[in-house]
Amino acid sequence: MKTILRGFRVSRPEFGEAAIFALVSLGAVGAFTRVLSPHMMAATLAYACFLTGLRNRKNPSVHGKWMASGVAIDVAIVLVLELGRDAVATALAFKLGPLQQIHIAASSVALVLYLPLVVLGLRRLRGKGTPMSGEWHRRLGYAAFAFRTVGFLFMFSLVGANGGH
């Protein structure tokens with residue numbers, strides 16, 4: 001295993017490093033060209049954390065750290081957008097196009113799924129999880145990741161809309 005940050009280990013470098021490199025490159029290009037907003041760059045970082053955490057799912061403590069980092073970044077983005085731009089009112093007004101609405105819907109579902117995922121994951125880390133709670137953690141985790149992936153991909157439909165995301 002290769003240590004990237006203290007306590008954050010990455011295995012299987014052939015997949016993980018390539019995916020992380022691609023996402024970091026995307027963020028860097030977006031920052032350099034000023035195409036991506038700071039929120040989009042943070043969302044790219046969160047998605048890279050999710051990919052790394054998913055790849056390390058066999059190592060619970062490493063998996064938990066990466067996934068918790070991704071969740072924390074995602075929740076922080078939502079709070080900043082809500083406080084700065086009244087994002088919920090904008091979403092509920094349906095003033096954005098269908099692609100942007102897909103982004104909002106998918107990201108919202110992922111956000112809602114984070115709560116039971118964190119609770120079930122913490123139980124497992126503390127040794128209090130049951131086989132059934134582990135199965136639900138996996139099922140909800142894959143569902144949340146699928147919704148987050150859709151939200152992440154459709155996030156790019158917001159480039160140029162309302163000053164970015």
# chains A, B, ... in the order shown; residues from 1 in each chain; ligands from 1
>>> residues_around(residues="A:Phe154", least_positions_apart="2", cutoff="7 Å", atoms="only C-alpha atoms", output="ChimeraX atom specification")
/A:99-100,102-103,150-152,156-157
>>> residues_around(residues="A:Trp66", least_positions_apart="3", cutoff="10 Å", atoms="only C-alpha atoms", output="list in words")
Gly7, Phe8, Arg9, Val10, Ala46, Ala48, Cys49, Phe50, Leu51, Thr52, Gly53, Leu54, Arg55, Asn56, Arg57, Ser61, Val62, His63, Ser69, Gly70, Val71 and Ala72 of chain A
>>> atom_distance(atom1="atom CA of A:Ile77", atom2="atom CA of A:His39")
6.4 Å
>>> select_by_dssp(residues="stretch 52-133 of chain A", states="alpha helix (DSSP H)", output="PyMOL selection string")
chain A and resi 52-55+60-85+87-92+98-125+131-133
>>> atom_distance(atom1="atom CA of A:Ala76", atom2="atom CA of A:Phe147")
17.9 Å
>>> closest_residue(among="A:Ser107, A:Val118, A:Gly160, A:Ala87", to="A:Ser37", atoms="only C-alpha atoms")
A:Gly160
>>> closest_residue(among="A:Leu120, A:Leu111, A:Thr44, A:Lys128", to="A:Phe145", atoms="only C-alpha atoms")
A:Leu111
>>> atom_distance(atom1="atom CA of A:Leu158", atom2="atom CA of A:Gly84")
16.5 Å
>>> closest_residue(among="A:Ile73, A:Ala144, A:Leu153, A:Ile104", to="A:Ala42", atoms="only C-alpha atoms")
A:Ile73
>>> residues_around(residues="A:Gly121", least_positions_apart="2", cutoff="8 Å", atoms="only C-alpha atoms", output="PyMOL selection string")
chain A and resi 64+117-119+123-125+134+137
>>> write_last_selection(atoms="N, CA, C and O atoms", output="PDB file, in the first residue's frame")
ATOM      1  N   GLY A  64     -13.464   4.346   5.568  1.00  0.00           N
ATOM      2  CA  GLY A  64     -14.245   5.312   6.342  1.00  0.00           C
ATOM      3  C   GLY A  64     -13.673   6.711   6.284  1.00  0.00           C
ATOM      4  O   GLY A  64     -14.414   7.692   6.169  1.00  0.00           O
ATOM      5  N   LEU A 117     -25.970   5.973   5.756  1.00  0.00           N
ATOM      6  CA  LEU A 117     -24.663   5.391   5.449  1.00  0.00           C
ATOM      7  C   LEU A 117     -23.648   5.669   6.543  1.00  0.00           C
ATOM      8  O   LEU A 117     -22.896   4.780   6.953  1.00  0.00           O
ATOM      9  N   VAL A 118     -23.622   6.901   7.011  1.00  0.00           N
ATOM     10  CA  VAL A 118     -22.674   7.269   8.070  1.00  0.00           C
ATOM     11  C   VAL A 118     -23.006   6.513   9.353  1.00  0.00           C
ATOM     12  O   VAL A 118     -22.120   5.964  10.013  1.00  0.00           O
ATOM     13  N   VAL A 119     -24.279   6.452   9.708  1.00  0.00           N
ATOM     14  CA  VAL A 119     -24.687   5.742  10.929  1.00  0.00           C
ATOM     15  C   VAL A 119     -24.310   4.267  10.845  1.00  0.00           C
ATOM     16  O   VAL A 119     -23.686   3.719  11.763  1.00  0.00           O
ATOM     17  N   ARG A 123     -21.314   2.225  12.984  1.00  0.00           N
ATOM     18  CA  ARG A 123     -21.615   1.002  13.752  1.00  0.00           C
ATOM     19  C   ARG A 123     -20.643  -0.115  13.369  1.00  0.00           C
ATOM     20  O   ARG A 123     -20.141  -0.824  14.223  1.00  0.00           O
ATOM     21  N   ARG A 124     -20.411  -0.268  12.089  1.00  0.00           N
ATOM     22  CA  ARG A 124     -19.489  -1.316  11.623  1.00  0.00           C
ATOM     23  C   ARG A 124     -18.067  -1.056  12.122  1.00  0.00           C
ATOM     24  O   ARG A 124     -17.388  -1.978  12.558  1.00  0.00           O
ATOM     25  N   LEU A 125     -17.632   0.190  12.042  1.00  0.00           N
ATOM     26  CA  LEU A 125     -16.276   0.523  12.497  1.00  0.00           C
ATOM     27  C   LEU A 125     -16.097   0.259  13.984  1.00  0.00           C
ATOM     28  O   LEU A 125     -15.015  -0.103  14.425  1.00  0.00           O
ATOM     29  N   GLY A 134     -24.509  -4.489   7.672  1.00  0.00           N
ATOM     30  CA  GLY A 134     -23.432  -4.413   6.691  1.00  0.00           C
ATOM     31  C   GLY A 134     -23.959  -4.500   5.270  1.00  0.00           C
ATOM     32  O   GLY A 134     -23.502  -3.772   4.382  1.00  0.00           O
ATOM     33  N   HIS A 137     -25.587  -1.248   4.486  1.00  0.00           N
ATOM     34  CA  HIS A 137     -24.557  -0.236   4.254  1.00  0.00           C
ATOM     35  C   HIS A 137     -24.030  -0.355   2.820  1.00  0.00           C
ATOM     36  O   HIS A 137     -23.879   0.663   2.130  1.00  0.00           O
TER      37      HIS A 137
END
